[in-house]
Structure formats: C-alpha cells, structure tokens
$ cat final-v8.cif   # mmCIF, C-alpha atoms and all ligand atoms
data_target
#
loop_
_atom_site.label_atom_id
_atom_site.label_comp_id
_atom_site.auth_asym_id
_atom_site.auth_seq_id
_atom_site.Cartn_x
_atom_site.Cartn_y
_atom_site.Cartn_z
CA MET A 30 114.90 66.95 104.59
CA LYS A 31 114.44 63.28 103.77
CA GLY A 32 113.16 62.25 100.35
CA LEU A 33 113.60 65.46 98.38
CA LYS A 34 116.92 64.85 96.62
CA GLY A 35 116.45 64.01 92.94
CA LYS A 36 112.72 64.81 92.93
CA THR A 37 111.22 67.26 90.43
CA ALA A 38 108.98 70.12 91.53
CA ILE A 39 106.87 72.61 89.60
CA ILE A 40 106.19 75.87 91.44
CA THR A 41 103.57 78.00 89.72
CA GLY A 42 103.79 81.77 90.08
CA SER A 43 107.47 81.49 91.04
CA GLY A 44 108.78 84.00 88.49
CA ARG A 45 108.46 87.17 90.55
CA LYS A 46 111.48 88.41 92.48
CA GLY A 47 110.89 88.51 96.22
CA GLY A 48 107.80 86.31 96.00
CA ILE A 49 106.84 83.24 98.00
CA GLY A 50 107.22 81.05 94.88
CA GLU A 51 110.83 82.11 94.33
CA ALA A 52 111.66 81.25 97.97
CA ILE A 53 109.96 77.84 97.69
CA ALA A 54 111.86 77.03 94.49
CA MET A 55 115.16 78.13 96.02
CA ALA A 56 114.56 76.06 99.19
CA LEU A 57 113.51 72.91 97.32
CA ALA A 58 116.57 73.25 95.04
CA LYS A 59 118.82 73.57 98.11
CA HIS A 60 117.41 70.22 99.24
CA GLY A 61 118.36 68.71 95.87
CA CYS A 62 115.10 68.98 93.92
CA ASN A 63 115.07 69.94 90.26
CA VAL A 64 112.70 72.88 90.02
CA VAL A 65 110.52 74.40 87.31
CA ILE A 66 110.14 78.16 87.60
CA SER A 67 106.71 78.63 86.13
CA ASP A 68 104.82 81.89 85.73
CA ILE A 69 102.57 83.78 83.33
CA GLY A 70 105.78 85.48 82.07
CA GLU A 71 104.24 88.57 80.51
CA PRO A 72 101.53 91.14 81.29
CA LYS A 73 98.09 90.24 79.91
CA GLY A 74 95.38 92.91 79.93
CA LYS A 75 94.33 95.17 82.79
CA GLU A 76 93.96 92.37 85.35
CA PHE A 77 97.50 91.05 84.78
CA SER A 78 99.53 94.24 84.35
CA LYS A 79 103.32 94.51 84.61
CA ASP A 80 103.00 95.80 88.19
CA HIS A 81 101.68 92.43 89.32
CA VAL A 82 103.13 89.58 87.29
CA GLY A 83 106.41 87.71 87.08
CA THR A 84 108.09 88.45 83.72
CA SER A 85 110.16 86.08 81.62
CA SER A 86 113.34 88.08 82.37
CA GLU A 87 112.68 87.69 86.14
CA MET A 88 112.07 83.98 85.57
CA ARG A 89 115.43 83.65 83.79
CA GLN A 90 117.16 85.56 86.59
CA ILE A 91 115.71 83.23 89.24
CA VAL A 92 116.80 80.19 87.21
CA ARG A 93 120.36 81.58 86.96
CA GLU A 94 120.50 82.23 90.72
CA ILE A 95 119.30 78.71 91.56
CA ASN A 96 121.66 77.05 89.08
CA LYS A 97 124.56 79.02 90.57
CA LEU A 98 124.00 77.14 93.87
CA LYS A 99 124.95 73.89 92.08
CA LYS A 100 122.34 71.87 94.01
CA GLY A 101 119.09 70.91 92.22
CA LYS A 102 118.76 72.21 88.66
CA ALA A 103 116.26 74.90 87.60
CA THR A 104 114.53 75.65 84.32
CA ALA A 105 111.92 78.23 83.31
CA ILE A 106 108.64 77.15 81.73
CA PRO A 107 106.13 79.98 81.20
CA CYS A 108 102.54 78.85 81.81
CA ASP A 109 99.26 80.68 82.28
CA VAL A 110 97.56 78.41 84.81
CA ARG A 111 94.11 79.40 83.54
CA ASN A 112 94.68 77.45 80.33
CA GLU A 113 94.41 73.64 80.44
CA LYS A 114 96.46 73.09 77.27
CA ALA A 115 99.25 75.30 78.65
CA VAL A 116 99.22 73.35 81.93
CA SER A 117 99.32 69.98 80.18
CA ASP A 118 102.20 71.21 77.94
CA MET A 119 104.09 72.41 81.05
CA LEU A 120 103.84 68.90 82.50
CA LYS A 121 105.12 67.34 79.26
CA LYS A 122 108.05 69.77 79.02
CA THR A 123 108.93 69.14 82.69
CA VAL A 124 109.02 65.37 82.26
CA LYS A 125 111.03 65.73 79.02
CA LYS A 126 113.58 67.93 80.82
CA PHE A 127 113.89 66.17 84.20
CA GLY A 128 112.38 62.69 83.62
CA SER A 129 109.64 62.92 86.28
CA MET A 130 107.31 65.27 88.16
CA ASP A 131 106.86 64.58 91.86
CA ILE A 132 105.91 67.81 93.65
CA MET A 133 103.32 70.30 92.41
CA VAL A 134 103.18 73.59 94.30
CA ASN A 135 100.14 75.69 93.38
CA ASN A 136 101.40 79.13 94.32
CA ALA A 137 100.19 81.37 91.44
CA GLY A 138 97.71 83.83 92.87
CA VAL A 139 95.91 87.09 92.31
CA GLY A 140 95.43 89.06 95.52
CA TYR A 141 95.37 92.60 94.17
CA ILE A 142 91.84 92.75 92.82
CA MET A 143 89.81 94.15 95.72
CA GLU A 144 86.43 95.84 95.33
CA PRO A 145 83.51 96.59 97.66
CA PHE A 146 81.25 93.54 97.53
CA THR A 147 78.18 95.28 96.08
CA GLU A 148 80.36 96.76 93.32
CA PHE A 149 82.38 93.63 92.63
CA LYS A 150 82.62 93.21 88.84
CA GLU A 151 82.01 89.84 87.23
CA LYS A 152 85.24 90.27 85.24
CA SER A 153 87.21 90.86 88.46
CA TRP A 154 85.61 87.85 90.15
CA ASN A 155 86.52 85.65 87.17
CA ALA A 156 90.13 86.91 87.06
CA VAL A 157 90.68 85.96 90.71
CA LEU A 158 88.83 82.63 90.66
CA ASP A 159 90.37 81.59 87.33
CA VAL A 160 93.92 81.84 88.66
CA ASN A 161 93.57 80.98 92.33
CA LEU A 162 91.08 78.13 92.13
CA LYS A 163 90.76 76.95 88.52
CA GLY A 164 94.54 77.22 88.11
CA ALA A 165 95.11 75.06 91.18
CA PHE A 166 92.51 72.57 89.88
CA LEU A 167 94.16 72.28 86.44
CA CYS A 168 97.71 71.96 87.80
CA SER A 169 96.60 69.44 90.44
CA LYS A 170 94.75 67.43 87.80
CA HIS A 171 97.65 67.21 85.36
CA GLY A 172 100.16 66.81 88.17
CA ALA A 173 98.14 63.88 89.57
CA ILE A 174 97.83 62.25 86.12
CA GLN A 175 101.64 62.29 85.81
CA MET A 176 102.15 61.04 89.38
CA GLN A 177 99.69 58.18 88.80
CA LYS A 178 101.57 57.27 85.60
CA GLN A 179 104.86 57.13 87.53
CA GLY A 180 103.25 54.98 90.25
CA LYS A 181 105.47 56.29 93.06
CA GLY A 182 103.13 58.75 94.76
CA GLY A 183 103.81 62.44 95.02
CA SER A 184 102.93 65.63 96.81
CA ILE A 185 100.61 68.48 95.87
CA ILE A 186 100.83 71.63 97.98
CA ASN A 187 98.36 74.47 97.62
CA ILE A 188 99.46 77.90 98.81
CA ALA A 189 96.18 79.12 100.25
CA SER A 190 96.04 81.96 102.80
CA GLN A 191 94.74 83.17 106.13
CA ALA A 192 91.88 84.19 103.83
CA ALA A 193 91.14 80.45 103.53
CA LYS A 194 90.13 80.48 107.21
CA SER A 195 88.77 83.99 107.88
CA GLY A 196 86.91 86.71 105.99
CA PHE A 197 88.39 90.01 104.76
CA PRO A 198 86.66 93.16 103.47
CA PHE A 199 86.83 93.98 99.73
CA ALA A 200 88.19 90.49 99.19
CA ALA A 201 85.12 88.35 98.47
CA ALA A 202 86.67 86.74 95.40
CA TYR A 203 90.08 86.20 97.00
CA THR A 204 88.56 84.81 100.21
CA ALA A 205 86.15 82.54 98.33
CA SER A 206 88.94 81.26 96.08
CA LYS A 207 91.24 80.50 99.02
CA HIS A 208 88.47 78.77 101.00
CA GLY A 209 87.82 76.82 97.77
CA MET A 210 91.46 75.74 97.67
CA ILE A 211 90.99 74.06 101.04
CA GLY A 212 87.98 72.17 99.68
CA LEU A 213 90.08 71.11 96.69
CA THR A 214 92.89 70.03 99.04
CA ARG A 215 90.60 67.87 101.19
CA SER A 216 88.73 66.32 98.29
CA ASN A 217 91.93 65.46 96.41
CA ALA A 218 93.60 64.11 99.56
CA VAL A 219 90.73 61.66 100.04
CA GLU A 220 90.60 60.62 96.38
CA LEU A 221 94.32 60.42 95.61
CA GLY A 222 95.51 58.80 98.84
CA LYS A 223 95.22 55.34 97.24
CA ASP A 224 97.96 56.44 94.80
CA LYS A 225 100.16 57.68 97.68
CA ILE A 226 99.66 61.22 96.44
CA ARG A 227 99.48 63.53 99.46
CA VAL A 228 97.64 66.83 99.12
CA ASN A 229 98.08 69.64 101.64
CA ALA A 230 97.65 73.40 101.87
CA VAL A 231 99.75 76.08 103.54
CA CYS A 232 97.97 79.15 104.87
CA PRO A 233 100.24 82.19 105.28
CA ASN A 234 99.17 85.45 106.88
CA HIS A 235 100.74 88.71 105.81
CA ILE A 236 104.12 88.72 104.04
CA THR A 237 105.45 91.88 102.39
CA THR A 238 106.12 90.50 98.91
CA GLY A 239 105.25 92.55 95.79
CA LEU A 240 101.66 91.45 96.35
CA GLY A 241 101.86 92.04 100.12
CA HIS A 242 103.17 95.57 99.53
CA TRP A 243 100.21 96.33 97.26
CA GLN A 244 97.84 95.03 99.96
CA ASN A 245 99.52 97.16 102.66
CA LYS A 246 99.02 100.25 100.52
CA PHE A 247 95.42 99.36 99.71
CA PHE A 248 94.32 98.60 103.29
CA SER A 249 96.28 101.45 104.92
CA GLU A 250 94.59 103.92 102.55
CA LYS A 251 91.16 102.39 103.23
CA LEU A 252 91.74 102.70 106.99
CA GLY A 253 93.24 106.20 106.74
CA LEU A 254 96.52 105.06 108.32
CA ASN A 255 100.02 105.67 107.11
CA TYR A 256 101.75 102.62 105.65
CA ASP A 257 104.16 102.03 108.56
CA ASP A 258 101.49 102.40 111.25
CA TYR A 259 99.27 99.93 109.38
CA LEU A 260 102.12 97.41 109.17
CA GLN A 261 102.98 97.90 112.85
CA GLY A 262 99.32 97.18 113.67
CA ILE A 263 99.61 93.81 111.92
CA LYS A 264 102.74 92.99 113.94
CA ASP A 265 101.14 94.13 117.22
CA LYS A 266 98.20 91.75 116.89
CA ASN A 267 100.46 88.80 116.04
CA PRO A 268 101.42 86.54 119.00
CA LEU A 269 105.00 86.32 117.69
CA GLY A 270 105.14 90.07 117.06
CA ARG A 271 106.18 90.05 113.43
CA THR A 272 104.90 89.47 109.92
CA GLY A 273 105.72 86.35 107.93
CA LEU A 274 108.78 85.83 105.78
CA VAL A 275 108.84 84.04 102.44
CA GLN A 276 111.30 81.60 104.02
CA ASP A 277 108.67 80.62 106.65
CA ILE A 278 106.43 79.37 103.85
CA ALA A 279 109.29 77.73 101.97
CA ASN A 280 110.24 75.78 105.13
CA ALA A 281 106.66 74.53 105.55
CA VAL A 282 106.50 73.47 101.89
CA CYS A 283 109.81 71.58 102.11
CA PHE A 284 108.53 69.74 105.21
CA LEU A 285 105.19 68.85 103.61
CA ALA A 286 106.89 67.67 100.40
CA SER A 287 109.45 65.56 102.29
CA ASP A 288 109.21 62.05 103.72
CA HIS A 289 108.96 63.59 107.20
CA ALA A 290 105.35 64.39 106.30
CA SER A 291 104.57 60.95 104.84
CA TYR A 292 101.51 60.51 107.13
CA ILE A 293 100.14 64.03 106.57
CA THR A 294 97.50 64.65 103.93
CA GLY A 295 94.34 66.78 103.66
CA GLU A 296 95.89 69.32 106.05
CA ALA A 297 95.54 73.11 105.83
CA MET A 298 98.54 74.26 107.85
CA ASN A 299 98.59 77.79 109.25
CA VAL A 300 101.97 79.52 109.02
CA SER A 301 100.90 82.73 110.68
CA GLY A 302 102.83 83.24 113.90
CA GLY A 303 99.78 82.05 115.84
CA GLU A 304 97.45 84.68 114.40
CA GLU A 305 95.24 82.04 112.79
CA TYR A 306 94.75 78.80 114.69
CA HIS A 307 91.78 76.95 113.26
N1 LIG B 1 102.04 87.87 100.44
C1 LIG B 1 101.10 87.53 101.29
O1 LIG B 1 100.85 88.22 102.29
C2 LIG B 1 100.30 86.27 101.09
C3 LIG B 1 99.51 85.81 102.15
C4 LIG B 1 98.75 84.67 101.98
C5 LIG B 1 98.78 83.98 100.80
N2 LIG B 1 99.56 84.44 99.75
C6 LIG B 1 99.53 83.66 98.51
O2 LIG B 1 100.85 83.28 98.17
C7 LIG B 1 100.95 83.13 96.74
C8 LIG B 1 102.16 83.91 96.25
O3 LIG B 1 101.96 85.30 96.52
P1 LIG B 1 103.14 86.36 96.69
O4 LIG B 1 102.79 87.18 97.86
O5 LIG B 1 104.44 85.69 96.59
O6 LIG B 1 102.86 87.32 95.44
P2 LIG B 1 103.52 87.39 93.98
O7 LIG B 1 102.80 88.43 93.26
O8 LIG B 1 105.00 87.49 94.12
O9 LIG B 1 103.21 85.94 93.37
C9 LIG B 1 102.06 85.63 92.64
C10 LIG B 1 102.51 85.10 91.29
O10 LIG B 1 101.38 84.56 90.60
C11 LIG B 1 101.61 84.79 89.24
N3 LIG B 1 100.40 84.68 88.41
C12 LIG B 1 99.33 85.52 88.39
N4 LIG B 1 98.46 85.12 87.44
C13 LIG B 1 98.99 84.01 86.87
C14 LIG B 1 98.56 83.13 85.85
N5 LIG B 1 97.41 83.35 85.19
N6 LIG B 1 99.36 82.10 85.50
C15 LIG B 1 100.54 81.87 86.15
N7 LIG B 1 101.00 82.67 87.14
C16 LIG B 1 100.24 83.72 87.49
C17 LIG B 1 102.18 86.22 89.20
O11 LIG B 1 102.83 86.47 87.96
C18 LIG B 1 103.12 86.21 90.40
O12 LIG B 1 104.43 85.84 90.03
C19 LIG B 1 99.62 83.63 96.17
O13 LIG B 1 98.81 82.53 95.87
C20 LIG B 1 99.03 84.45 97.32
O14 LIG B 1 97.64 84.49 97.26
C21 LIG B 1 100.32 85.57 99.89
#

$ encode --input "final-v8.cif" --output "structure tokens"
Amino acid sequence: MKGLKGKTAIITGSGRKGGIGEAIAMALAKHGCNVVISDIGEPKGKEFSKDHVGTSSEMRQIVREINKLKKGKATAIPCDVRNEKAVSDMLKKTVKKFGSMDIMVNNAGVGYIMEPFTEFKEKSWNAVLDVNLKGAFLCSKHGAIQMQKQGKGGSIINIASQAAKSGFPFAAAYTASKHGMIGLTRSNAVELGKDKIRVNAVCPNHITTGLGHWQNKFFSEKLGLNYDDYLQGIKDKNPLGRTGLVQDIANAVCFLASDHASYITGEAMNVSGGEEYH
C-alpha cells in the first residue's frame, strides 16, 4: 500500500487479543507504520469489567508480536478515551516516541451494554456514548491538532458499524453512537479537508471477536436459538455466505489510510459481504 511506510498510527481499543484493533495494528505495521497499541488497559467498574476490556498484559503481548515481525515498530500506551487529558497525553507520548502522528483509528467501542429501550439506564447510555462517540470526538480532535501542526495532512478512520446504517433491538445507545460517528466523520471531513486531513468510517457487520461472541450469546438467547444456529442464520442472510473477519476490516483501514485513497473523504464504507449497502 502506497504511503504507509514510516507513518505513525494510533489504534484505540487495540489491546484485546482477537479484536479488530489488534488486526488493524498488525496490518498497518506490516505495511511499515509505527503503531501505538492503545486501550483502557484495566477493568474499571461494572461497565468495563475484565470480561470486556483489553488488559495491559494483552497490550504488551500484542506489542511483542508486532515487534517480532521486524516491520513497523509498536509501543503500548494505555488511554481511557473518555478522558480528554489522557487522550492529549497519549498524543504527546506518541510524538515523543515516533516523531509524528499521521493516522488515528478510532476503534475503541462498547457493544455489550444492551437493554430493552424502555428500561435503558442513564448510566448504561452514558457508558456507551462516552466511549463510542465522545471517545472518537476527543481522539479525532487531538489527532487533528497534531496533524495540523505537522502540516502534511493525515487520515482519521472511525470504526463504526452496520449499526451506523440500520437499527437493532436492545441497542439504542450503540446504534445512536454509531450513527453519531458517521455524523462526526462527515462533519470533520468537510472541515478538515483544507488541511489535507481525510476522515472516513468503516462499517463492519458481524465478526466473532470477544465482543462479537458476547453479542452472539446475547441475541441467540433472546431469540431462543442455540448459538450455532443463530450464527448460521447470520451467514445464511449474507450475500457472500459468511461472517466478517478482523482481517477484512484491517484491509479496508489500510486502504483508506494509504495514498490509494487520497481522493476519498467523508465516506462510510460498508465491509459487510453485501449485507448492508447504503
Ligand atoms: N465485532 C463486531 O461484530 C463488530 C461489528 C461492527 C463494529 N464493531 C466495532 O469494532 C470495534 C472493535 O470491536 P471488537 O469487536 O474488536 O471488540 P473488542 O472488545 O475486541 O474491542 C473493543 C476495545 O475497546 C476497548 N475499550 C472499551 N472502553 C474503552 C475506553 N474507555 N478507553 C479505551 N478503550 C476502550 C476495549 O478494552 C476493547 O479492547 C468497536 O468499536 C465495535 O463497536 C465490531
């Protein structure tokens, strides 16, 4: 991929083994980018329990695996994307370590807080919106400040979802946050284009990551189906007959971050095997 070698990328929420963020970091590093493995790093309260978050030992493991490839270099910088000071410090540490920051991938996300709409708790709503939308806002803001300072443009990529295009039951907060990410993408693309900063979103459908596995369990139980039948149902309604792979998303991110996408901004690209097409 043209234009990736020597660039620096931050991938939020990339500290969980088997996750989309890990795959994106690995793929960008294979193309010669220096990558920051960023994640919350430790459980925090009921909404961010150890079953759902990337830990600092997983982050270190991912860094070791990437550095073993001897392509782009990796480092771990824990950051809770809900906290502006933490985000601004992450940017400073990144620039100190690698000398620049060119690609911001907003991948951190909470997709495991699902409640019937009329019972949806304010605390749950805030937990989802604070990570998925406010987190993307803060990282885009501080990423753009750094890119403007460097004066060479840059790329911001928001990992949204099929839930940015369609509605899902029990997922009002998730769906609203992901639709919001598309609004953020379009607004920032229009405003930051003058600085040659391109802003795009990628919209995956189902991928069985740690989060995807939790969702399979949740929805199969709600529908009274066994896990495998539920998953087969997802594959059956997909034009390409399968679910997504983390590598599918990583490939799309590498393309959007590269010079091959130099005339693409404000886009919300479906990577869904044809299941979502608007
Ligand atoms: N798996 C899917 O089917 C699917 C589909 C569409 C979109 N997505 C989106 O892709 C992204 C990655 O999801 P995944 O499936 O790889 O799940 P994942 O659980 O592996 O990744 C989410 C990461 O976000 C991190 N995170 C949560 N709160 C955070 C915070 N406050 N600060 C920093 N990091 C925080 C978690 O620790 C975790 O590592 C998410 O934004 C998700 O909404 C996933």

$ atom_distance --input "final-v8.cif" --atom1 "CA of Ala38 (chain A)" --atom2 "CA of Asn63 (chain A)"
6.2 Å

$ closest_residue --input "final-v8.cif" --among "A:Gly101, A:Gly196, A:Gly50, A:Gly183" --to "Asn280 (chain A)" --atoms "all atoms listed in the file"
A:Gly50

$ closest_residue --input "final-v8.cif" --among "A:Gly74, A:Ala201, A:Ile95, A:Asp118" --to "Ala54 (chain A)" --atoms "all atoms listed in the file"
A:Ile95

$ atom_distance --input "final-v8.cif" --atom1 "CA of His60 (chain A)" --atom2 "CA of Lys100 (chain A)"
7.4 Å

$ residues_around --input "final-v8.cif" --residues "Leu162 (chain A)" --least-positions-apart "6" --cutoff "12 Å" --atoms "all atoms listed in the file" --output "list in words"
Val110, Arg111, Asn135, Asn136, Ala137, Gly138, Val139, Trp154, Asn155, Ala156, Cys168, Ser169, Asn187, Ile188, Ala189, Ala193, Ala202, Tyr203, Thr204, Ala205, Ser206, Lys207, His208, Gly209, Met210, Ile211, Gly212, Leu213 and Thr214 of chain A

$ residues_near_ligand --input "final-v8.cif" --ligand "ligand LIG 1 (chain B)" --cutoff "8 Å" --atoms "all atoms listed in the file" --output "PyMOL selection string"
chain A and resi 41-51+67-71+77+81-84+107-111+135-140+159-161+164+188-192+203+207+232-242+244+273+275

$ residues_around --input "final-v8.cif" --residues "Gly303 (chain A)" --least-positions-apart "3" --cutoff "9 Å" --atoms "all atoms listed in the file" --output "list in words"
Asn267, Pro268, Leu269, Asn299, Val300 and Tyr306 of chain A

$ write_last_selection --input "final-v8.cif" --atoms "C-alpha atoms" --output "PDB file, keeping the file's coordinate frame"
ATOM      1  CA  ASN A 267     100.460  88.800 116.040  1.00  0.00           C
ATOM      2  CA  PRO A 268     101.420  86.540 119.000  1.00  0.00           C
ATOM      3  CA  LEU A 269     105.000  86.320 117.690  1.00  0.00           C
ATOM      4  CA  ASN A 299      98.590  77.790 109.250  1.00  0.00           C
ATOM      5  CA  VAL A 300     101.970  79.520 109.020  1.00  0.00           C
ATOM      6  CA  TYR A 306      94.750  78.800 114.690  1.00  0.00           C
TER       7      TYR A 306
END

$ closest_residue --input "final-v8.cif" --among "A:Ser249, A:Thr272, A:Ser195, A:Asn217" --to "Glu296 (chain A)" --atoms "all atoms listed in the file"
A:Asn217

$ atom_distance --input "final-v8.cif" --atom1 "CA of Ile278 (chain A)" --atom2 "CA of Val64 (chain A)"
16.5 Å

$ closest_residue --input "final-v8.cif" --among "A:Ile226, A:Thr104, A:Lys36, A:Ala281" --to "Ser85 (chain A)" --atoms "only C-alpha atoms"
A:Thr104

$ closest_residue --input "final-v8.cif" --among "A:Asp258, A:Leu33, A:Gly182, A:Lys152" --to "Lys246 (chain A)" --atoms "all atoms listed in the file"
A:Asp258

$ closest_residue --input "final-v8.cif" --among "A:Ile39, A:Val157, A:Ile142, A:Ala103" --to "Met119 (chain A)" --atoms "all atoms listed in the file"
A:Ile39

$ residues_around --input "final-v8.cif" --residues "Lys181 (chain A)" --least-positions-apart "5" --cutoff "9 Å" --atoms "all atoms listed in the file" --output "list in words"
Asp131, Met176, Asp224, Lys225 and Ile226 of chain A

$ write_last_selection --input "final-v8.cif" --atoms "C-alpha atoms" --output "short mmCIF file (atom, residue, chain, number, x, y, z; two decimals), in the coordinates of the input"
data_model
loop_
_atom_site.label_atom_id
_atom_site.label_comp_id
_atom_site.auth_asym_id
_atom_site.auth_seq_id
_atom_site.Cartn_x
_atom_site.Cartn_y
_atom_site.Cartn_z
CA ASP A 131 106.86 64.58 91.86
CA MET A 176 102.15 61.04 89.38
CA ASP A 224 97.96 56.44 94.80
CA LYS A 225 100.16 57.68 97.68
CA ILE A 226 99.66 61.22 96.44
#

$ axis_aligned_box --input "final-v8.cif" --around "region 166-170 of chain A" --padding-each-side "4 Å" --output "lines of an AutoDock Vina configuration file"
center_x = 95.1
center_y = 70.0
center_z = 88.4
size_x = 13.2
size_y = 13.1
size_z = 12.0
